Amino acid sequence: PTTLPPDQVLYPRTTDYHWDRFDQNATDEEVIGNWKAKPDGKGQGPLGFGTAIKFKTGECLYDVDWMKRDEDLGLWYDPCMWNPMNCTEGVSFSVWEKMSFGDDVFEGGKGAKRYLMSTGGDFNSVQGRAWPGFAIYHEGLDIVALVSTGEKVWVLRVSGQLYNNTWTEIGVRFSLPMLTNPDLAFEGVGGLEKMGGLEMFINLEKVGHTIVPDSTARGSTIWTAEQRLTHNGRPRGKPVMMFGCHQNSELQEFGEFVGFAGTDESPALIDEVAIWRRALPNSQLNYFYGGFSPDVENIDEDQFSAMMQGVDVNDPGQAKAAQEVLEAMLLGPPTTVPPFPTRTADPLAKKSTTEWYTQDTTTDAVPTSTTLGKINSRDGKRKSILSRQDIMSGMLRTEAARDGQDPELVQDRFSLAYVAAALISSDPENVEGWETVDDWTTEEGASRTVRELEDYMLAWVGSVNISAERIDDPHWRTTYFDPNEDAMRYATAGNDMVMNVDKIPLRPIRDAGEIRMKYPDYDGWEWADAKMLWNNPRDNFTVPTGMFENIEGCNDNPVTILTAVYNGLTYTAPKRKNPVNIHSRKFRIDTKVISAKVKLNADPMLGENMNVDHCRPDPVYMKDNPIKLTFYHNEVAKTKRTLLWHSDEYWEGLEVRHCVWWNDRFGINGAWDDHGCKIIATDDARTDCECHNFGNYAVLAELLEEPESLRVAQWIMITKWVGIIIGTILLTFFAVLVFVSVIVGEMFHQIRMWCCISYMIANIIMLLTDTSLCYDRHENIALSMALVYFYQAAIVWNTCETHATFKGVTSGLINGRTSIYHPFAWGIPLLTIGFLMIVDGETLGTHPLCFISWERPVIQRWFILTSFSFVLTIIFTVIVIVNIMKVQSHNKDTVMYLKDQVKGMIATSIGMMVLWCYGTIGYFSYMKTNDMDVINMMPMFQILNGWFGVFMFLFLGLWSRRFRLGVNNKAEEERKKRESGKAYETEESPRTAETSPMTSRPTSPKGSIHSGAGDEDEAPTSRPGSGASQAAGSRPASGTSQPASSRPGSGASQPADSRPGSGASQPAGSRPGSGTSQVASSRPASRPPSADAIPEEPEETPVEPVDAE
């Protein structure tokens, strides 16, 4: 059967009748023998059941208003309680006793009866008379259970089950016997139990069983039924329940009570009388215990919590008993005698008189206490540790800690600190349990136990009257209190904790010139074990003594100072911190936790009549006189700045240390906070701190945080890859066209070509960063440096284009300057990489996506350096926009082409700024933002950057009229080639040239598109075909003597800037075919040989032609 949780087997939940404080049920008429609760009428009951009733000579109690109505049968009375013969489902009853037995119990004979409980059931075997009811009583060495219906009587005697001054539970189960099937007796214990009868259990152990009813002295099992006991002696009166004595209806007539349980010499304590209107099955026999667990070594949190519901921790006796059980649960077996000693066989024990059907051993079906195995699930561990914490919170109560108490009366309270320390120790079970609690933000964690423990100790030690003395004993003192010093100095050591709590007057200390008090005292007894077991116990600190000096009415009062060093709290403390200055999500407490707290107490002569609630440490004084602490690190370790170049242990290093204190007011449940603490000095082994708040202190080490995977969703990756592949194809087409095209190959498109090539290479490298290459530190740094090199080169090339456009608009310089920009475009990124290598070399190659470094300052530096290019881009672009309407050229085509290309240049610049400027998408995508309240920009960046190559092709290519012209020209050439079936091997005729004016490539001495010195009426220059002499502006084709700026072609002498064809002399602006002069706008039959891969326009300054020899 399923075992119910401990809180479901408490008496109030399972019983039909329950008396936990039956003294409260008794009226004055129902008190026998002048019993009084005070001064000695109560005692400590079993743990969890509060106080018990103590009876001495002639004392007992009874109750007449306890029977309930039978709602099922619609009766005003309970038939089962009226007479046991009406208990169709049987009946069970239980009582707890703590009896004191004298020597007379061993004397011969049965001795006097000592009743624990009785409803008036009785018998007289000589007369054959019986009174209905049931009872439990002692008679000599026997414990006797009796059930009488008036007509039949069952009596079960068990010998040798006496426990002197020990709480014992006696349970009785009865059901009318089934004697019609005697064969059940041969089925063993189970068969006998099916037959019913009367059974007795001592502490859940079955000790006796009788089935056949008792006989009269004449041997008859038929008794003469007498009237049952009622409250008024009438047949229809209410039944009576008696505790500690007995009476039947005959004795009632004389007003006589007999069988008193206690005497002055041997008092009896009785508690928790319970009745069930059914015979409890074996699976429910633990109901007899009412949630109590005698196995204190194996008690679990639920069982103890259930028991604690009845404990009044303000009562010293109950608190002490609960502490013993709690100590056994947390620390192992108690050092004191447990409430239930191990049962041993009593040599004087004898079998029941009904031996053939009486059993004195328990059956396998009877449940015993449960020992829990190790809890493996996280939910189970969390529930277990939180249950223990709740139990401890219930114990750490301070309501009864009133000022002015006697030192001897309260010192038993102090030992609870030793027990509480077990809950926050570094025991692996504790550490695992508190780690599961960290997952729940609604739970405070181990800090709650620390706070409650320290408040408890401050309250109880502070409640001591340090002016106490014994007039009759001048040498009186206690373990921790010395009346000659007017000081209470308590010290304790627990699992991973050493604590000192001193209640002292501060005025004498300050008058003696002791401005600060130093802690701890490693020579004290409490440090003996810690110095052997702890790692490097050398931490020390000093506490100022003037924190109440400037507060009126507080300076002359005694103060309680608590100091503690927690070795285990390092591992069990909550993992919460103030994220403002402590950025990393990965951190650890790198030292022991030190605590220093103070509480001002009332004057011992005035006690609670003095209000000291306003006496709190002066914050101004504390800022000038902080608590000074020296911590020794748990692990001697250097911070990240001393790591070796490319060390594989990068992610295992320390980033930075902080002096912190536990701020209860931070957030919902508190956190480690560095506000109010500062580092004075630190090295590999120790850190010196100053804190101006009282509380718990430690050194917190931020660890280098290995980032979680920054990989985006698969669909984003696919989108990016598709964009990069398409962009690579388009940018390759763009670069090839610029490289081979005569029309598009001028300066501005050459700059754009290099910008596109740089960005294309960078995007290809980005594809490699999506592979496992980033996992290796050296491969990571190689890819990241190549990545940022080409991205920055593209950005600088974009800046170069804005500068070239700026020069074209303001100075008319539009060609022949491409080579000037190469050193800047390729050199600036190289200088940037060199700078990063020198300044941040130890952290490079640590980004999970192969981007420089995972350290924020390193990435910030790169974006700042890159942003300088954007600043220049913005300046040049603004000037271009302002001056675009007044270009320094009179050539309409020049103005047209400049205006046309500015649109694409601005769009590309804006796109690069959005992706790569400081503080934009790329910045926050690659930045370590785990401590920043920003959204994840990486998915957006991946898509935009992946497709930016396509955008560049659109902005710098298709949006450019010259580029479209070049594309159309190439398409026209390819169409004609397909039509003719061969390449253009013949020269164009003058007629063809005249009909194709848009396919010519004009030049200008000033770098404009048209020839001439600004004269728009002059004919444009043509390309030579053969070696004839050419006019200015043409390019030579042969190796003849040429003037300055001419290109050799086939040797014919040419004027300046002429392009030779095959040596024939041509007029200015004509393109030679095979020596024949051509008109303007003629189309070359084939591209002339040139020294440059990409044809350049003439230089800005025209050179006078020189005659060839």
# chains A, B, ... in the order shown; residues from 1 in each chain; ligands from 1
$ residues_around --residues "Thr560 (chain A)" --least-positions-apart "4" --cutoff "7 Å" --atoms "only C-alpha atoms" --output "list in words"
Leu458, Gly462, Val501, Asp502, Lys503, Ile504, Val598, Lys599 and Leu600 of chain A
$ write_last_selection --atoms "N, CA, C and O atoms" --output "mmCIF file, in the first residue's frame"
data_model
loop_
_atom_site.group_PDB
_atom_site.id
_atom_site.type_symbol
_atom_site.label_atom_id
_atom_site.label_comp_id
_atom_site.auth_asym_id
_atom_site.auth_seq_id
_atom_site.Cartn_x
_atom_site.Cartn_y
_atom_site.Cartn_z
ATOM 1 N N LEU A 458 22.372 36.994 17.726
ATOM 2 C CA LEU A 458 22.402 38.367 18.243
ATOM 3 C C LEU A 458 21.299 38.584 19.272
ATOM 4 O O LEU A 458 21.503 39.271 20.286
ATOM 5 N N GLY A 462 22.337 38.659 23.068
ATOM 6 C CA GLY A 462 22.032 40.011 23.508
ATOM 7 C C GLY A 462 21.008 40.073 24.621
ATOM 8 O O GLY A 462 20.893 41.101 25.303
ATOM 9 N N VAL A 501 30.278 35.459 19.438
ATOM 10 C CA VAL A 501 29.254 36.465 19.736
ATOM 11 C C VAL A 501 29.564 37.018 21.121
ATOM 12 O O VAL A 501 29.543 36.271 22.111
ATOM 13 N N ASP A 502 29.848 38.294 21.174
ATOM 14 C CA ASP A 502 30.230 38.947 22.429
ATOM 15 C C ASP A 502 29.239 40.048 22.761
ATOM 16 O O ASP A 502 28.922 40.885 21.906
ATOM 17 N N LYS A 503 28.748 40.018 24.002
ATOM 18 C CA LYS A 503 27.972 41.149 24.495
ATOM 19 C C LYS A 503 28.835 41.876 25.501
ATOM 20 O O LYS A 503 29.151 41.348 26.575
ATOM 21 N N ILE A 504 29.214 43.088 25.153
ATOM 22 C CA ILE A 504 30.194 43.833 25.943
ATOM 23 C C ILE A 504 29.793 45.299 25.985
ATOM 24 O O ILE A 504 29.102 45.802 25.097
ATOM 25 N N VAL A 598 26.432 43.916 14.311
ATOM 26 C CA VAL A 598 26.319 44.488 15.656
ATOM 27 C C VAL A 598 24.850 44.757 15.960
ATOM 28 O O VAL A 598 24.039 44.988 15.058
ATOM 29 N N LYS A 599 24.528 44.732 17.243
ATOM 30 C CA LYS A 599 23.197 45.084 17.713
ATOM 31 C C LYS A 599 23.330 45.737 19.069
ATOM 32 O O LYS A 599 23.930 45.165 19.982
ATOM 33 N N LEU A 600 22.784 46.932 19.191
ATOM 34 C CA LEU A 600 22.829 47.632 20.465
ATOM 35 C C LEU A 600 21.722 47.107 21.358
ATOM 36 O O LEU A 600 20.585 46.912 20.912
#
$ select_by_dssp --residues "region 116-338 of chain A" --states "strand (DSSP E)" --output "PyMOL selection string"
chain A and resi 116-118+122-124+129-131+133-139+142-148+153-159+168-175+197-202+205-210+224-225+241-243+268-276
$ atom_distance --atom1 "CA of Phe863 (chain A)" --atom2 "CA of Trp916 (chain A)"
7.2 Å
$ residues_around --residues "Ser118 (chain A)" --least-positions-apart "6" --cutoff "9 Å" --atoms "only C-alpha atoms" --output "list in words"
Gly133, Phe134, Ala135, Ile136, Tyr137, Val240, Met241, Met242, Phe243, Gly244, Cys245, His246 and Gln247 of chain A
$ closest_residue --among "A:Ser159, A:Ser447, A:Thr728, A:Asn625" --to "Ile515 (chain A)" --atoms "only C-alpha atoms"
A:Asn625
$ residues_around --residues "region 385-392 of chain A" --least-positions-apart "3" --cutoff "8 Å" --atoms "only C-alpha atoms" --output "PDB file with C-alpha atoms, in the first residue's frame"
ATOM      1  CA  GLU A 301      12.489  16.442   6.379  1.00  0.00           C
ATOM      2  CA  ASP A 302       8.803  15.697   5.906  1.00  0.00           C
ATOM      3  CA  PHE A 304      10.386  16.307  11.112  1.00  0.00           C
ATOM      4  CA  SER A 305       8.264  19.084   9.595  1.00  0.00           C
ATOM      5  CA  MET A 308       7.468  20.387  14.355  1.00  0.00           C
ATOM      6  CA  LYS A 381      17.209  17.757  -3.974  1.00  0.00           C
ATOM      7  CA  ARG A 382      15.613  21.198  -4.045  1.00  0.00           C
ATOM      8  CA  MET A 395      13.793  26.599  15.175  1.00  0.00           C
ATOM      9  CA  LEU A 396      15.552  29.956  14.841  1.00  0.00           C
ATOM     10  CA  ALA A 420      22.391  25.293  11.806  1.00  0.00           C
ATOM     11  CA  LEU A 423      22.860  23.306   6.609  1.00  0.00           C
ATOM     12  CA  ASN A 430      24.343  20.629   0.572  1.00  0.00           C
ATOM     13  CA  GLY A 433      20.922  21.079  -3.073  1.00  0.00           C
ATOM     14  CA  TRP A 434      21.625  24.807  -2.961  1.00  0.00           C
ATOM     15  CA  VAL A 437      17.677  26.337  -5.427  1.00  0.00           C
ATOM     16  CA  THR A 449      19.616  30.606   6.857  1.00  0.00           C
TER      17      THR A 449
END
$ residues_around --residues "Asp214 (chain A)" --least-positions-apart "6" --cutoff "9 Å" --atoms "only C-alpha atoms" --output "list in words"
Ser125, Lys152, Val153, Trp154, Val155, Ser220 and Thr221 of chain A
$ atom_distance --atom1 "CA of Leu958 (chain A)" --atom2 "CA of His749 (chain A)"
11.9 Å
$ select_by_dssp --residues "region 487-684 of chain A" --states "helix (DSSP H, G or I)" --output "CSV table (one decimal) with N, CA and C atoms, in the first residue's frame"
chain,number,residue,atom,x,y,z
A,506,LEU,N,30.9,49.0,25.3
A,506,LEU,CA,31.9,49.6,24.4
A,506,LEU,C,32.6,50.8,25.1
A,507,ARG,N,31.9,51.4,26.0
A,507,ARG,CA,32.5,52.6,26.6
A,507,ARG,C,33.9,52.3,27.3
A,508,PRO,N,34.0,51.3,28.1
A,508,PRO,CA,35.3,51.0,28.7
A,508,PRO,C,36.4,50.7,27.6
A,509,ILE,N,36.0,50.1,26.5
A,509,ILE,CA,36.9,49.7,25.5
A,509,ILE,C,37.4,51.0,24.8
A,510,ARG,N,36.5,51.9,24.5
A,510,ARG,CA,37.0,53.1,23.8
A,510,ARG,C,37.8,54.0,24.8
A,511,ASP,N,37.4,54.0,26.0
A,511,ASP,CA,38.2,54.8,27.0
A,511,ASP,C,39.6,54.3,27.1
A,525,TRP,N,40.0,28.1,21.4
A,525,TRP,CA,39.7,26.7,21.3
A,525,TRP,C,38.8,26.4,20.0
A,526,GLU,N,38.0,27.4,19.7
A,526,GLU,CA,37.0,27.2,18.6
A,526,GLU,C,37.7,27.0,17.2
A,527,TRP,N,39.0,27.4,17.2
A,527,TRP,CA,39.7,27.3,15.9
A,527,TRP,C,40.6,26.1,15.8
A,528,ALA,N,40.6,25.3,16.8
A,528,ALA,CA,41.5,24.1,16.8
A,528,ALA,C,41.3,23.2,15.6
A,529,ASP,N,40.0,22.8,15.3
A,529,ASP,CA,39.7,21.9,14.2
A,529,ASP,C,39.9,22.7,12.9
A,530,ALA,N,39.4,23.9,12.8
A,530,ALA,CA,39.4,24.6,11.6
A,530,ALA,C,40.8,24.8,11.1
A,531,LYS,N,41.8,25.1,11.9
A,531,LYS,CA,43.2,25.3,11.5
A,531,LYS,C,43.8,24.0,10.9
A,532,MET,N,43.2,22.9,11.3
A,532,MET,CA,43.7,21.6,10.7
A,532,MET,C,43.0,21.2,9.4
A,533,LEU,N,41.7,21.6,9.3
A,533,LEU,CA,40.9,21.1,8.2
A,533,LEU,C,40.7,22.1,7.1
A,569,LEU,N,30.1,28.4,3.1
A,569,LEU,CA,29.3,29.3,2.4
A,569,LEU,C,29.9,29.8,1.1
A,570,THR,N,31.2,29.6,0.9
A,570,THR,CA,31.8,29.9,-0.3
A,570,THR,C,31.1,29.1,-1.5
A,571,TYR,N,30.7,27.9,-1.2
A,571,TYR,CA,30.1,27.0,-2.2
A,571,TYR,C,28.6,26.9,-2.2
A,572,THR,N,28.0,27.3,-1.0
A,572,THR,CA,26.6,27.2,-0.9
A,572,THR,C,25.8,28.5,-1.0
A,607,GLY,N,16.2,47.1,31.0
A,607,GLY,CA,15.7,46.0,30.2
A,607,GLY,C,14.8,46.5,29.1
A,608,GLU,N,13.6,45.8,29.0
A,608,GLU,CA,12.8,46.1,27.8
A,608,GLU,C,12.1,47.5,28.0
A,609,ASN,N,12.2,48.1,29.1
A,609,ASN,CA,11.6,49.4,29.3
A,609,ASN,C,12.4,50.5,28.5
A,619,PRO,N,26.1,55.8,9.5
A,619,PRO,CA,26.7,55.6,8.2
A,619,PRO,C,27.8,56.5,7.9
A,620,VAL,N,27.7,57.8,8.4
A,620,VAL,CA,28.8,58.7,8.1
A,620,VAL,C,30.1,58.3,8.8
A,621,TYR,N,30.0,57.8,10.0
A,621,TYR,CA,31.1,57.3,10.8
A,621,TYR,C,31.7,56.1,10.1
A,622,MET,N,30.8,55.2,9.6
A,622,MET,CA,31.3,54.0,9.0
A,622,MET,C,32.0,54.2,7.6
A,623,LYS,N,31.6,55.3,6.9
A,623,LYS,CA,32.4,55.6,5.7
A,623,LYS,C,33.8,56.1,6.0
A,624,ASP,N,33.9,56.8,7.1
A,624,ASP,CA,35.3,57.2,7.5
A,624,ASP,C,36.1,56.1,8.2
A,640,LYS,N,43.6,37.8,-15.9
A,640,LYS,CA,43.8,37.5,-17.4
A,640,LYS,C,45.0,38.2,-18.0
A,641,ARG,N,45.3,39.3,-17.4
A,641,ARG,CA,46.4,40.2,-18.0
A,641,ARG,C,47.8,39.5,-17.9
A,642,THR,N,47.9,38.4,-17.2
A,642,THR,CA,49.1,37.8,-17.1
A,642,THR,C,49.1,36.4,-17.9
A,650,TYR,N,42.7,30.1,-21.7
A,650,TYR,CA,42.1,31.4,-21.7
A,650,TYR,C,40.8,31.5,-20.9
A,651,TRP,N,39.9,30.5,-21.2
A,651,TRP,CA,38.6,30.5,-20.6
A,651,TRP,C,38.6,30.1,-19.2
A,652,GLU,N,39.7,29.6,-18.7
A,652,GLU,CA,39.8,29.1,-17.3
A,652,GLU,C,40.4,30.2,-16.4
$ residues_around --residues "Thr719 (chain A)" --least-positions-apart "4" --cutoff "7 Å" --atoms "only C-alpha atoms" --output "ChimeraX atom specification"
/A:715,723,943
$ residues_around --residues "Asn669 (chain A)" --least-positions-apart "6" --cutoff "10 Å" --atoms "only C-alpha atoms" --output "ChimeraX atom specification"
/A:441-445,447-448,574,576,663
$ closest_atom_pairs --of "region 196-278 of chain A" --to "region 54-57 of chain A" --cutoff "12 Å" --atoms "only C-alpha atoms" --output "tab-separated table"
residue	atom	partner	partner_atom	distance
A:Phe243	CA	A:Phe55	CA	9.4
A:Gly244	CA	A:Phe55	CA	7.0
A:Cys245	CA	A:Phe55	CA	9.7
A:Val258	CA	A:Thr57	CA	11.2
A:Gly259	CA	A:Thr57	CA	10.4
A:Phe260	CA	A:Thr57	CA	7.1
A:Ala261	CA	A:Phe55	CA	6.9
A:Gly262	CA	A:Lys56	CA	4.5
A:Thr263	CA	A:Thr57	CA	3.9
A:Asp264	CA	A:Lys56	CA	4.8
A:Glu265	CA	A:Lys56	CA	7.9
A:Ser266	CA	A:Lys56	CA	7.3
A:Pro267	CA	A:Lys56	CA	4.9
A:Ala268	CA	A:Phe55	CA	5.3
A:Leu269	CA	A:Lys54	CA	4.4
A:Ile270	CA	A:Lys54	CA	6.7
A:Asp271	CA	A:Lys54	CA	9.1
$ atom_distance --atom1 "CA of Asp315 (chain A)" --atom2 "CA of Glu399 (chain A)"
10.7 Å
$ closest_residue --among "A:Asp900, A:Asp688, A:Asp472, A:Asp539" --to "Pro520 (chain A)" --atoms "only C-alpha atoms"
A:Asp539
$ decode --residues "region 900-992 of chain A" --atoms "C-alpha atoms" --output "compact mmCIF listing (two decimals), in the first residue's frame"
# COMPACT_ATOMS: atom_id res chain seq x y z
CA ASP A 900 25.24 59.81 -61.44
CA GLN A 901 27.87 57.94 -59.42
CA VAL A 902 27.33 59.98 -56.22
CA LYS A 903 24.00 58.21 -55.59
CA GLY A 904 25.55 54.75 -55.43
CA MET A 905 28.50 56.02 -53.41
CA ILE A 906 26.23 57.52 -50.72
CA ALA A 907 24.02 54.41 -50.55
CA THR A 908 27.05 52.15 -50.14
CA SER A 909 28.54 54.42 -47.48
CA ILE A 910 25.31 54.40 -45.48
CA GLY A 911 25.08 50.61 -45.71
CA MET A 912 28.65 50.17 -44.47
CA MET A 913 28.04 52.58 -41.60
CA VAL A 914 24.93 50.69 -40.54
CA LEU A 915 26.91 47.44 -40.49
CA TRP A 916 30.35 48.50 -39.29
CA CYS A 917 30.28 51.84 -37.53
CA TYR A 918 30.78 52.09 -33.75
CA GLY A 919 27.51 51.51 -31.91
CA THR A 920 25.60 50.03 -34.85
CA ILE A 921 24.44 46.54 -35.81
CA GLY A 922 27.83 44.93 -36.28
CA TYR A 923 29.12 46.46 -33.04
CA PHE A 924 26.40 44.90 -30.89
CA SER A 925 26.41 41.67 -32.87
CA TYR A 926 30.05 40.85 -32.14
CA MET A 927 30.22 42.56 -28.76
CA LYS A 928 29.96 40.58 -25.53
CA THR A 929 26.56 41.80 -24.38
CA ASN A 930 25.72 39.23 -21.70
CA ASP A 931 25.58 41.98 -19.09
CA MET A 932 23.87 44.54 -21.33
CA ASP A 933 20.15 45.02 -21.79
CA VAL A 934 20.16 44.85 -25.58
CA ILE A 935 18.45 42.62 -28.08
CA ASN A 936 20.39 40.06 -30.07
CA MET A 937 21.39 41.79 -33.31
CA MET A 938 23.34 38.89 -34.75
CA PRO A 939 20.50 37.39 -36.87
CA MET A 940 19.79 40.77 -38.49
CA PHE A 941 23.50 41.40 -39.04
CA GLN A 942 24.08 37.98 -40.59
CA ILE A 943 21.34 38.52 -43.16
CA LEU A 944 22.19 42.14 -44.02
CA ASN A 945 25.92 41.52 -44.22
CA GLY A 946 25.46 38.33 -46.23
CA TRP A 947 23.41 40.16 -48.84
CA PHE A 948 25.43 43.36 -48.77
CA GLY A 949 27.53 42.12 -51.69
CA VAL A 950 24.33 42.09 -53.76
CA PHE A 951 23.53 45.61 -52.54
CA MET A 952 27.02 46.77 -53.53
CA PHE A 953 26.52 45.40 -57.04
CA LEU A 954 23.23 47.27 -57.27
CA PHE A 955 24.53 50.54 -55.78
CA LEU A 956 28.00 50.66 -57.40
CA GLY A 957 27.16 48.78 -60.59
CA LEU A 958 23.67 48.84 -61.95
CA TRP A 959 22.96 52.27 -60.48
CA SER A 960 25.94 53.65 -62.46
CA ARG A 961 25.14 54.87 -66.00
CA ARG A 962 28.71 54.26 -67.14
CA PHE A 963 28.58 50.67 -65.84
CA ARG A 964 25.30 50.03 -67.66
CA LEU A 965 26.85 51.54 -70.79
CA GLY A 966 29.79 49.18 -70.47
CA VAL A 967 27.47 46.19 -70.01
CA ASN A 968 25.46 47.19 -73.08
CA ASN A 969 28.63 47.70 -75.11
CA LYS A 970 29.91 44.24 -74.25
CA ALA A 971 26.54 42.75 -74.98
CA GLU A 972 26.49 44.50 -78.39
CA GLU A 973 29.99 43.24 -79.21
CA GLU A 974 29.04 39.68 -78.30
CA ARG A 975 25.89 39.93 -80.43
CA LYS A 976 27.84 41.11 -83.47
CA LYS A 977 30.44 38.39 -82.93
CA ARG A 978 27.72 35.78 -82.98
CA GLU A 979 26.25 37.33 -86.13
CA SER A 980 29.53 37.52 -88.04
CA GLY A 981 30.89 34.26 -86.65
CA LYS A 982 34.19 35.90 -85.87
CA ALA A 983 35.75 38.62 -83.71
CA TYR A 984 36.04 42.13 -84.94
CA GLU A 985 39.13 41.76 -87.11
CA THR A 986 38.40 44.51 -89.58
CA GLU A 987 38.49 48.16 -88.76
CA GLU A 988 35.33 50.19 -88.49
CA SER A 989 34.65 52.44 -91.47
CA PRO A 990 34.16 56.16 -90.98
CA ARG A 991 30.48 55.61 -91.74
CA THR A 992 30.19 53.08 -88.95
